[in-house]
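Okay, data34.txt now, which holds compact mmCIF, C-alpha atoms:
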```txt
# COMPACT_ATOMS: atom_id res chain seq x y z
CA MET A 22 119.11 121.28 96.38
CA ASP A 23 115.33 121.42 96.35
CA ALA A 24 113.68 124.77 95.73
CA PHE A 25 112.08 124.58 99.16
CA ARG A 26 115.42 125.10 100.89
CA THR A 27 114.96 128.32 102.84
CA SER A 28 117.49 131.04 103.31
CA THR A 29 119.10 131.40 106.70
CA LEU A 30 119.24 135.16 106.24
CA PRO A 31 116.99 136.99 108.67
CA ILE A 32 113.64 137.91 107.20
CA LEU A 33 111.77 140.99 108.35
CA CYS A 34 108.27 140.35 109.61
CA LEU A 35 106.06 143.20 108.43
CA LEU A 36 102.80 144.08 110.08
CA PRO A 37 100.32 146.35 108.30
CA LEU A 38 99.40 149.24 110.54
CA ALA A 39 96.38 151.51 110.31
CA LEU A 40 98.39 154.38 108.76
CA GLY A 41 100.22 152.11 106.31
CA VAL A 42 103.47 152.26 108.29
CA LEU A 43 105.60 149.13 108.23
CA ALA A 44 107.17 148.03 111.48
CA GLY A 45 109.56 145.12 112.06
CA CYS A 46 108.72 142.51 114.66
CA ASP A 47 110.87 140.46 116.98
CA SER A 48 112.56 137.45 115.35
CA SER A 49 111.56 135.21 118.23
CA ASP A 50 108.50 133.08 117.46
CA SER A 51 107.68 131.97 121.00
CA GLY A 52 104.79 133.92 122.48
CA MET A 53 103.75 135.43 119.13
CA ASP A 54 100.41 137.13 118.77
CA GLU A 55 97.90 135.18 116.67
CA GLU A 56 98.10 137.73 113.86
CA SER A 57 101.90 137.50 113.64
CA VAL A 58 102.15 133.80 112.83
CA PRO A 59 103.80 133.56 109.40
CA ASP A 60 102.74 131.39 106.47
CA GLN A 61 106.17 129.77 106.50
CA ILE A 62 108.79 129.30 109.19
CA SER A 63 111.95 127.16 109.07
CA TYR A 64 114.34 125.86 111.70
CA ASP A 65 117.94 124.72 111.32
CA LEU A 66 118.85 121.09 111.98
CA SER A 67 122.42 120.54 113.14
CA ALA A 68 124.55 117.58 112.08
CA GLN A 69 125.10 115.11 114.93
CA SER A 70 128.25 113.01 115.41
CA ASN A 71 127.74 109.38 116.40
CA ASP A 72 129.11 105.92 115.81
CA GLY A 73 126.74 104.98 113.02
CA ALA A 74 127.12 104.86 109.24
CA ALA A 75 126.98 108.67 109.07
CA PRO A 76 129.47 109.67 111.78
CA ASN A 77 129.64 113.26 110.63
CA GLY A 78 125.88 113.71 110.68
CA VAL A 79 123.65 115.56 108.25
CA SER A 80 122.68 119.21 108.41
CA GLY A 81 119.43 120.61 107.06
CA THR A 82 116.21 122.47 107.76
CA VAL A 83 112.65 121.65 108.73
CA THR A 84 109.98 124.02 107.45
CA PHE A 85 106.36 124.54 108.46
CA TRP A 86 104.00 125.82 105.73
CA ARG A 87 100.44 126.98 106.16
CA ALA A 88 98.39 124.47 104.14
CA GLY A 89 94.93 125.59 105.23
CA PRO A 90 93.05 126.83 108.29
CA ASP A 91 93.47 123.49 110.08
CA SER A 92 96.45 121.84 108.42
CA SER A 93 100.18 122.35 107.92
CA LEU A 94 102.77 120.99 105.54
CA VAL A 95 106.09 119.99 107.12
CA THR A 96 109.06 119.64 104.76
CA LEU A 97 112.53 118.32 105.45
CA ASN A 98 115.51 119.46 103.42
CA LEU A 99 118.72 117.61 104.26
CA ASP A 100 122.19 117.92 102.77
CA ALA A 101 121.81 115.27 100.06
CA ASP A 102 125.58 114.78 99.78
CA ALA A 103 125.72 113.71 103.44
CA THR A 104 122.73 111.32 103.50
CA VAL A 105 123.45 107.58 103.44
CA GLY A 106 122.49 106.17 100.06
CA SER A 107 121.83 102.61 101.17
CA VAL A 108 119.14 103.52 103.72
CA SER A 109 116.28 105.89 104.43
CA HIS A 110 116.25 108.34 107.32
CA PRO A 111 113.16 108.27 109.58
CA ALA A 112 112.20 111.61 111.12
CA HIS A 113 109.86 112.75 113.87
CA ILE A 114 108.72 115.80 115.77
CA HIS A 115 109.38 115.03 119.44
CA ASN A 116 108.01 116.59 122.61
CA ASN A 117 110.14 119.02 124.65
CA SER A 118 113.48 120.55 123.74
CA VAL A 119 116.57 118.70 122.52
CA GLU A 120 118.12 119.17 125.95
CA GLU A 121 115.12 117.64 127.76
CA GLY A 122 114.27 114.92 125.27
CA GLY A 123 110.81 113.47 124.73
CA GLY A 124 108.67 110.98 122.84
CA VAL A 125 107.36 111.19 119.27
CA GLU A 126 104.39 113.53 118.78
CA TYR A 127 104.21 113.59 114.96
CA TYR A 128 105.67 111.23 112.38
CA LEU A 129 107.31 112.90 109.37
CA SER A 130 108.00 111.29 106.00
CA ALA A 131 111.37 109.57 105.98
CA VAL A 132 114.02 110.86 103.56
CA ASN A 133 115.16 108.43 100.86
CA GLY A 134 118.95 108.46 101.18
CA SER A 135 119.37 107.25 97.59
CA ALA A 136 117.51 110.22 96.14
CA PRO A 137 119.54 113.00 94.49
CA ASN A 138 117.82 115.41 96.89
CA GLY A 139 117.38 115.04 100.64
CA THR A 140 113.76 116.12 100.84
CA SER A 141 110.43 114.85 102.14
CA ALA A 142 107.05 116.31 103.10
CA ARG A 143 104.18 115.49 105.44
CA LYS A 144 100.73 117.03 105.79
CA ILE A 145 99.66 117.29 109.44
CA GLY A 146 96.13 118.04 110.58
CA VAL A 147 97.01 120.91 112.89
CA PRO A 148 97.18 124.64 112.08
CA ILE A 149 100.56 126.30 111.75
CA GLU A 150 99.70 128.45 114.79
CA GLU A 151 99.86 125.28 116.89
CA LEU A 152 103.13 124.08 115.40
CA VAL A 153 105.02 127.36 115.88
CA ARG A 154 104.09 127.30 119.56
CA PHE A 155 104.76 123.61 120.05
CA ASP A 156 107.27 122.68 122.77
CA GLY A 157 109.33 120.31 120.67
CA HIS A 158 112.32 119.31 118.59
CA VAL A 159 113.02 117.31 115.41
CA ASN A 160 115.18 114.20 115.20
CA VAL A 161 116.34 112.65 111.93
CA HIS A 162 117.67 109.12 112.41
CA GLU A 163 120.32 107.13 110.59
CA SER A 164 117.97 104.30 109.60
CA PRO A 165 115.10 102.13 110.92
CA ALA A 166 117.70 99.61 112.06
CA ASN A 167 119.70 102.29 113.90
CA LEU A 168 117.11 104.67 115.33
CA LYS A 169 119.41 105.33 118.29
CA ASN A 170 121.77 107.16 115.95
CA VAL A 171 120.45 110.69 115.37
CA VAL A 172 122.13 112.28 112.34
CA ALA A 173 120.31 115.66 112.41
CA GLN A 174 118.56 117.46 115.24
CA GLY A 175 117.12 120.84 116.14
CA ASN A 176 114.68 122.67 118.40
CA ILE A 177 111.46 124.00 116.91
CA GLY A 178 108.41 126.03 117.88
CA ALA A 179 108.50 127.44 121.40
CA ASN A 180 112.14 126.36 121.78
CA ALA A 181 113.70 128.12 118.79
CA ASP A 182 113.77 131.33 116.79
CA GLY A 183 112.70 130.31 113.31
CA ASN A 184 113.39 132.03 110.01
CA ARG A 185 110.21 133.54 108.61
CA GLY A 186 109.28 133.52 104.95
CA ASP A 187 106.45 133.78 102.46
CA GLY A 188 104.00 130.91 102.23
CA LEU A 189 103.13 128.87 99.19
CA ASP A 190 101.33 130.67 96.39
CA PHE A 191 98.46 128.18 96.32
CA VAL A 192 96.28 128.00 93.26
CA SER A 193 92.58 128.54 93.89
CA ASP A 194 90.35 125.43 94.06
CA ARG A 195 93.29 123.06 94.31
CA ARG A 196 92.75 119.77 92.46
CA ALA A 197 93.65 116.25 93.55
CA THR A 198 93.52 112.82 92.00
CA THR A 199 94.22 109.33 93.33
CA TYR A 200 95.51 106.30 91.42
CA SER A 201 95.30 102.68 92.52
CA LEU A 202 98.47 100.59 92.77
CA ASN A 203 98.05 96.85 92.33
CA ALA A 204 99.57 94.32 94.73
CA SER A 205 102.58 92.42 93.40
CA THR A 206 104.00 89.32 95.09
CA THR A 207 107.75 89.16 95.64
CA ASN A 208 110.45 86.90 97.07
CA GLY A 209 111.40 89.57 99.56
CA SER A 210 111.07 89.43 103.33
CA VAL A 211 108.82 92.48 103.77
CA LEU A 212 105.25 92.73 102.36
CA SER A 213 106.10 89.80 100.09
CA GLY A 214 102.44 89.02 99.46
CA GLY A 215 101.98 92.40 97.82
CA VAL A 216 99.88 95.30 99.08
CA GLU A 217 97.20 97.20 97.19
CA SER A 218 98.13 100.85 97.66
CA THR A 219 97.36 104.31 96.32
CA VAL A 220 99.27 107.32 95.07
CA ARG A 221 97.66 110.74 95.36
CA LEU A 222 98.57 113.90 93.47
CA GLU A 223 97.52 117.15 95.16
CA GLU A 224 97.95 120.47 93.39
CA LEU A 225 99.79 123.07 95.47
CA THR A 226 101.02 125.85 93.21
CA SER A 227 101.26 126.32 89.45
CA SER A 228 104.56 124.39 89.49
CA LYS A 229 104.49 122.20 92.62
CA THR A 230 102.50 119.04 93.38
CA LEU A 231 102.35 117.04 96.59
CA VAL A 232 102.74 113.33 95.75
CA THR A 233 101.67 110.94 98.52
CA TYR A 234 101.66 107.18 98.40
CA THR A 235 99.81 105.22 101.08
CA LEU A 236 100.16 101.52 101.73
CA GLY A 237 96.86 99.64 101.92
CA ILE A 238 97.51 98.08 105.30
CA SER A 239 96.03 98.53 108.76
CA GLY A 240 98.61 100.13 111.02
CA SER A 241 102.33 100.21 110.38
CA VAL A 242 104.47 97.96 108.17
CA ASN A 243 105.68 96.35 111.40
CA ASP A 244 102.07 95.42 112.22
CA ALA A 245 101.32 94.14 108.71
CA ASN A 246 104.51 92.11 108.49
CA GLY A 247 103.92 90.32 111.79
CA ASN A 248 107.41 91.00 113.11
CA SER A 249 109.93 93.78 113.44
CA VAL A 250 111.06 95.44 110.19
CA ASP A 251 114.39 97.26 110.00
CA VAL A 252 114.12 98.77 106.52
CA ALA A 253 112.01 101.59 105.05
CA GLN A 254 109.89 101.20 101.92
CA ILE A 255 110.64 103.48 98.97
CA GLY A 256 108.72 104.70 95.92
CA HIS A 257 109.52 106.11 92.48
CA ILE A 258 107.75 107.48 89.42
CA HIS A 259 109.00 105.57 86.37
CA LYS A 260 108.84 106.30 82.65
CA ASN A 261 106.33 104.50 80.38
CA THR A 262 103.69 101.97 81.43
CA VAL A 263 103.97 99.04 83.84
CA SER A 264 103.90 96.60 80.91
CA GLU A 265 106.62 98.48 79.01
CA GLY A 266 108.86 99.21 81.97
CA GLY A 267 111.19 102.17 82.28
CA GLY A 268 113.74 103.91 84.47
CA ILE A 269 113.13 106.34 87.31
CA VAL A 270 112.20 109.78 85.97
CA ASN A 271 115.11 112.22 86.14
CA GLY A 272 113.76 115.02 84.00
CA PRO A 273 111.97 117.38 83.71
CA PHE A 274 111.25 116.44 87.34
CA SER A 275 112.71 113.94 89.80
CA GLY A 276 110.74 110.72 90.16
CA TYR A 277 112.15 109.90 93.59
CA LEU A 278 109.42 109.85 96.23
CA GLY A 279 109.76 109.65 100.01
CA SER A 280 110.13 106.59 102.23
CA VAL A 281 107.75 104.87 104.65
CA ALA A 282 109.33 104.20 108.05
CA PRO A 283 108.17 100.74 109.24
CA THR A 284 106.80 102.02 112.57
CA ASP A 285 104.79 104.87 111.02
CA PRO A 286 101.14 104.10 111.92
CA ALA A 287 99.91 105.98 108.83
CA ALA A 288 102.12 103.90 106.48
CA ARG A 289 102.44 106.75 104.02
CA SER A 290 105.02 109.11 102.60
CA SER A 291 104.92 112.41 100.71
CA ARG A 292 107.25 114.57 98.70
CA ILE A 293 106.79 117.82 96.81
CA VAL A 294 107.54 117.27 93.12
CA GLU A 295 108.63 120.25 91.04
CA ALA A 296 106.01 119.76 88.34
CA SER A 297 102.53 121.11 87.76
CA PHE A 298 99.43 119.05 88.48
CA ASP A 299 98.55 119.05 84.76
CA GLU A 300 102.04 117.87 83.85
CA LEU A 301 101.87 114.91 86.25
CA THR A 302 98.28 113.89 85.45
CA SER A 303 99.18 113.74 81.74
CA TYR A 304 102.60 112.14 82.19
CA ASP A 305 103.45 108.81 80.50
CA GLY A 306 104.45 106.96 83.64
CA TYR A 307 103.84 104.49 86.44
CA VAL A 308 104.74 104.13 90.14
CA ASN A 309 106.67 101.30 91.80
CA LEU A 310 106.84 100.71 95.56
CA HIS A 311 109.87 98.74 96.70
CA GLN A 312 110.81 96.77 99.81
CA SER A 313 113.81 99.00 100.62
CA ASN A 314 116.82 100.86 99.21
CA ALA A 315 118.97 97.74 99.45
CA ASN A 316 116.24 95.46 98.04
CA ALA A 317 114.69 97.61 95.33
CA GLN A 318 114.26 94.57 93.09
CA TYR A 319 111.27 93.55 95.24
CA VAL A 320 108.27 95.58 94.01
CA PHE A 321 105.21 94.94 96.19
CA ALA A 322 102.86 97.47 94.52
CA GLN A 323 102.74 99.19 91.15
CA GLY A 324 100.34 100.97 88.87
CA ASN A 325 100.05 103.28 85.88
CA ILE A 326 99.46 106.99 86.42
CA GLY A 327 98.79 110.05 84.34
CA ALA A 328 98.25 109.42 80.62
CA ASN A 329 98.41 105.65 81.19
CA ALA A 330 95.87 105.29 83.98
CA THR A 331 92.69 105.00 81.91
CA GLY A 332 92.01 101.34 81.35
CA GLY A 333 95.50 100.32 82.35
CA GLY A 334 96.41 101.23 85.88
CA GLY A 335 93.15 101.49 87.69
CA GLY A 336 93.33 105.25 88.14
CA SER A 337 90.71 106.64 90.51
CA SER A 338 90.58 110.39 89.98
CA ALA A 339 88.52 112.88 91.95
CA ASP A 340 87.62 116.49 91.33
CA VAL A 341 87.39 117.33 95.04
CA THR A 342 89.12 115.68 98.00
CA VAL A 343 87.61 116.08 101.47
CA THR A 344 89.66 114.96 104.47
CA VAL A 345 87.67 113.97 107.56
CA THR A 346 88.73 112.74 110.99
CA ASN A 347 87.02 111.69 114.19
CA VAL A 348 86.67 113.79 117.34
CA GLY A 349 86.84 110.87 119.73
CA THR A 350 83.59 108.98 119.22
CA SER A 351 81.40 112.08 119.40
CA ALA A 352 81.71 113.77 116.00
CA TRP A 353 83.25 114.06 112.56
CA GLU A 354 85.49 117.00 111.68
CA VAL A 355 86.48 118.15 108.20
CA THR A 356 90.16 119.08 108.31
CA ASP A 357 90.83 119.90 104.66
CA VAL A 358 89.09 120.39 101.31
CA SER A 359 91.02 120.42 98.03
CA GLY A 360 89.47 121.25 94.66
CA ALA A 361 86.46 123.35 95.64
CA SER A 362 85.18 125.89 98.13
CA GLY A 363 81.99 125.82 100.16
CA VAL A 364 81.92 122.04 100.63
CA ALA A 365 82.10 122.14 104.42
CA GLN A 366 83.20 124.28 107.34
CA THR A 367 86.48 123.04 108.77
CA GLY A 368 87.18 122.81 112.47
CA THR A 369 83.55 122.26 113.54
CA ASN A 370 81.75 119.13 114.70
CA ASN A 371 79.59 117.27 112.16
CA PRO A 372 79.45 120.12 109.61
CA THR A 373 76.90 120.03 106.80
CA LEU A 374 78.35 118.76 103.51
CA THR A 375 77.31 120.68 100.40
CA LEU A 376 77.92 118.54 97.31
CA LYS A 377 77.44 119.32 93.63
CA VAL A 378 75.76 116.95 91.16
CA GLY A 379 78.22 115.61 88.59
CA THR A 380 81.30 116.21 90.76
CA ARG A 381 83.52 113.28 91.73
CA TYR A 382 84.51 113.32 95.41
CA ARG A 383 87.23 111.56 97.35
CA PHE A 384 86.69 111.34 101.14
CA GLU A 385 89.97 110.63 102.92
CA ASN A 386 88.94 109.04 106.23
CA ASN A 387 91.62 109.71 108.85
CA GLY A 388 89.32 108.16 111.45
CA GLY A 389 90.66 104.80 110.34
CA SER A 390 89.04 101.40 110.55
CA ALA A 391 87.44 102.25 113.92
CA HIS A 392 85.25 104.88 112.21
CA PRO A 393 83.98 103.66 108.81
CA LEU A 394 82.20 106.30 106.74
CA GLY A 395 78.74 105.85 105.28
CA PHE A 396 76.09 107.93 103.50
CA GLN A 397 72.43 107.32 104.38
CA ASP A 398 68.98 108.20 103.09
CA GLY A 399 66.21 109.67 105.23
CA SER A 400 65.25 106.22 106.53
CA SER A 401 68.80 105.58 107.83
CA SER A 402 69.47 103.01 105.11
CA TYR A 403 72.97 103.04 103.68
CA LEU A 404 73.46 104.25 100.13
CA LEU A 405 77.28 104.07 100.41
CA ASN A 406 79.02 102.15 103.18
CA GLN A 407 82.75 101.78 103.84
CA ASP A 408 81.95 99.06 106.39
CA GLY A 409 79.52 96.99 104.33
CA ASP A 410 77.18 97.29 101.37
CA GLY A 411 75.22 100.33 100.22
CA SER A 412 72.29 100.24 97.82
CA LEU A 413 73.89 102.64 95.30
CA GLU A 414 77.41 101.20 95.31
CA GLY A 415 76.68 99.30 92.10
CA ASN A 416 75.25 102.33 90.28
CA SER A 417 77.43 103.03 87.24
CA ASP A 418 76.83 106.79 87.46
CA VAL A 419 77.96 106.84 91.10
CA ASN A 420 81.03 104.69 90.19
CA TYR A 421 81.75 103.93 93.86
CA GLU A 422 85.23 102.86 95.00
CA GLU A 423 86.60 102.26 98.48
CA ASP A 424 89.90 101.36 100.12
CA SER A 425 91.42 101.40 103.59
CA GLU A 426 91.97 105.16 103.39
CA GLY A 427 88.52 106.31 102.29
CA ILE A 428 85.87 106.27 99.57
CA THR A 429 85.50 107.82 96.11
CA PHE A 430 82.23 108.41 94.26
CA THR A 431 80.48 110.66 91.76
CA TYR A 432 77.65 112.71 93.24
CA ALA A 433 75.20 111.50 90.61
CA GLN A 434 71.58 112.62 90.52
CA ALA A 435 70.47 109.21 91.82
CA LEU A 436 72.57 109.78 94.94
CA ALA A 437 71.53 113.42 95.33
CA ASP A 438 67.85 112.42 95.17
CA GLU A 439 68.15 110.11 98.19
CA VAL A 440 71.06 111.11 100.41
CA ALA A 441 70.28 112.86 103.70
CA SER A 442 73.28 112.37 105.97
CA TYR A 443 76.78 111.00 106.44
CA ARG A 444 77.76 109.10 109.57
CA CYS A 445 80.18 106.73 111.23
CA THR A 446 78.72 103.26 110.82
CA VAL A 447 79.76 102.41 114.40
CA HIS A 448 79.03 105.59 116.38
CA SER A 449 75.62 107.10 115.62
CA GLN A 450 76.46 110.46 117.20
CA MET A 451 79.08 110.99 114.48
CA GLU A 452 76.52 112.21 111.93
CA GLY A 453 75.99 115.31 109.81
CA ASP A 454 73.64 116.52 107.08
CA VAL A 455 74.24 116.38 103.34
CA GLN A 456 72.72 118.92 100.98
CA THR A 457 73.01 119.55 97.26
CA ASP A 458 74.77 122.65 95.97
CA GLY A 459 72.21 125.31 95.15
CA GLY A 460 70.35 125.15 98.46
CA GLY A 461 68.55 121.85 98.04
CA SER A 462 69.07 118.91 100.35
CA GLY A 463 69.07 115.27 99.51
CA GLY A 464 65.54 114.05 98.99
CA GLY A 465 65.76 111.17 101.45
CA GLY A 466 64.10 112.81 104.41
CA GLY A 467 64.55 116.55 104.42
CA ALA A 468 67.69 116.54 106.58
CA GLY A 469 68.83 119.72 104.88
CA GLY A 470 66.70 122.77 104.14
CA TYR A 471 65.36 123.84 100.76
```

Rendering of file as structure tokens:
Amino acid sequence: MDAFRTSTLPILCLLPLALGVLAGCDSSDSGMDEESVPDQISYDLSAQSNDGAAPNGVSGTVTFWRAGPDSSLVTLNLDADATVGSVSHPAHIHNNSVEEGGGVEYYLSAVNGSAPNGTSARKIGVPIEELVRFDGHVNVHESPANLKNVVAQGNIGANADGNRGDGLDFVSDRRATTYSLNASTTNGSVLSGGVESTVRLEELTSSKTLVTYTLGISGSVNDANGNSVDVAQIGHIHKNTVSEGGGIVNGPFSGYLGSVAPTDPAARSSRIVEASFDELTSYDGYVNLHQSNANAQYVFAQGNIGANATGGGGGSSADVTVTVTNVGTSAWEVTDVSGASGVAQTGTNNPTLTLKVGTRYRFENNGGSAHPLGFQDGSSSYLLNQDGDGSLEGNSDVNYEEDSEGITFTYAQALADEVASYRCTVHSQMEGDVQTDGGGSGGGGGAGGY
């Protein structure tokens, strides 16, 4: 089983007191004080009997990890021997308790039933304090075609006593890099025209990396396909280059990635791979995205990664990844920064961005197509524009790239000399200042202070 499987043994919660005395706290997590929220908490998922392909159900755990001040990592760990190999298992966090029932609040990454491990991961833009108090439960379903069959289920948050544990031993200034996956036409029935996609590697610890692939479509696979889809898409890391071909990696790490449930509006999936960031970014490999477990011969996106990306797979690496989202139509909010400190204050409206010349940045735009991201000079002219053309997008030093999920660029001196602000190209009130690391602002109009 995956190393993230947590023990069901009770774990003492220790609170530092003024005199250095250690005192145990109540195992119940409902009504916890703010200071007592752990960096990791897991909940048991019970196997459910039904009339589907997995009549005996699947047991497992769901675990919340503190990923930052405003984000959490949610991992699933199912009994791999009990998962159904021919399908993938969609999973969601639902409102209310199991007994009450309720609609989906958060989509989780589906578990690939064919993988030798029953794991998946999902980064959610809410703090762990919110999740451990959430009135909810988790359902894991048999398959997209049989969502009515729940194979694993359990209460979470305010409705359950979780098992506390230590959080992830994050490395400082976590790095991230994104590779492009090229569209590939197939004879399959789902995404047969091919879909340009991306795969992102995010450093977590010295030996763990979050691997996320995102389909380059607007909305869910259902939306992109034009009709209902009853299979989940799957992804793998393969050996060698795309042109050479090679099998799924089975050592020193597992190349099985998660699955994309067809109704997931984010159209993405993540899994924690037991390999260091340096090991993956130097690996001789490529990624294939397939129509489904049963139709893996249909590859609708693929691309080289790691040692093969330069000149071959369209790799688009970044030193720093900044995740932004919209607060309605009134403001931007930075929810996460990986790879550097001091870039922006999270959890505030329209924070000032402090960028460093020579650094390559990736801005993940969770505001979606309704809130394109642009960078302007002091005269409100666009230098970079996710919704159109910017005057510096052709600058070789800036090396600008964009896709449906965000933009990537190098903060070259030419950009630093002119940039004054970032904004939503549709809603003018969603605007904040940009300044250059070292106290100077962009020279386009004095939006920041020297």

List the spatial neighbours of segment 412-422 of chain A as an MDAnalysis selection string - criterion: any atom at most 12 Å away, all atoms listed in the file, same-chain residues fewer than 5 positions off excluded. chainID A and resid 199:201 335:339 378:384 395:398 401:407 427:440

Hey, could you make a per-residue contact list for segment 290-310 of chain A against segment 95-119 of chain A with 12 Å as the cut-off, showing the nearest pair of atoms and its distance in Å to one decimal, counting only C-alpha atoms, sorted by chain and number, as a tab-separated table?
```
residue	atom	partner	partner_atom	distance
A:Ser290	CA	A:Pro111	CA	10.8
A:Ser291	CA	A:Thr96	CA	9.3
A:Arg292	CA	A:Thr96	CA	8.1
A:Ile293	CA	A:Thr96	CA	8.5
A:Val294	CA	A:Thr96	CA	12.0
```

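Between Arg185 of chain A and the candidates A:Val58, A:Val220, A:Val270, A:Ala197, the tightest atom-to-atom separation, counting only C-alpha atoms, involves A:Val58.
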
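Counting all atoms listed in the file and comparing A:Asn325, A:Thr457, A:Val320, A:Thr84, the residue that lies closest to Lys377 of chain A is A:Thr457.
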
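Ranking A:Ser70, A:Thr342, A:Asn261, A:Thr302 by their shortest atom-to-atom distance to Ala361 of chain A, with all atoms listed in the file included, puts A:Thr342 first.
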
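With only C-alpha atoms as the atoms that count, the residue of A:Ser359, A:Thr235, A:Asn248, A:Ser57 with the shortest distance to Arg195 of chain A is A:Ser359.
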
Need the shell around Tyr307 of chain A: protein/DNA/RNA residues with any atom at most 8 Å away, counting only C-alpha atoms. Skip same-chain ones fewer than 2 positions apart. Format as a VMD selection string? chain A and resid 258 to 263 305 309 323 to 327 329

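The neighbours of Thr373 of chain A here are the residues that come within 7 Å of it, using only C-alpha atoms and leaving out any residue fewer than 3 positions away in the same chain; they are Ala365, Gly453, Asp454 and Val455 of chain A.
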
Thr233 of chain A environment, 12 Å, all atoms listed in the file, sequence neighbours closer than 3 positions dropped, as a ChimeraX atom specification: /A:130,141-144,197-200,218-224,230,236,255-258,277-281,287-294,308,310
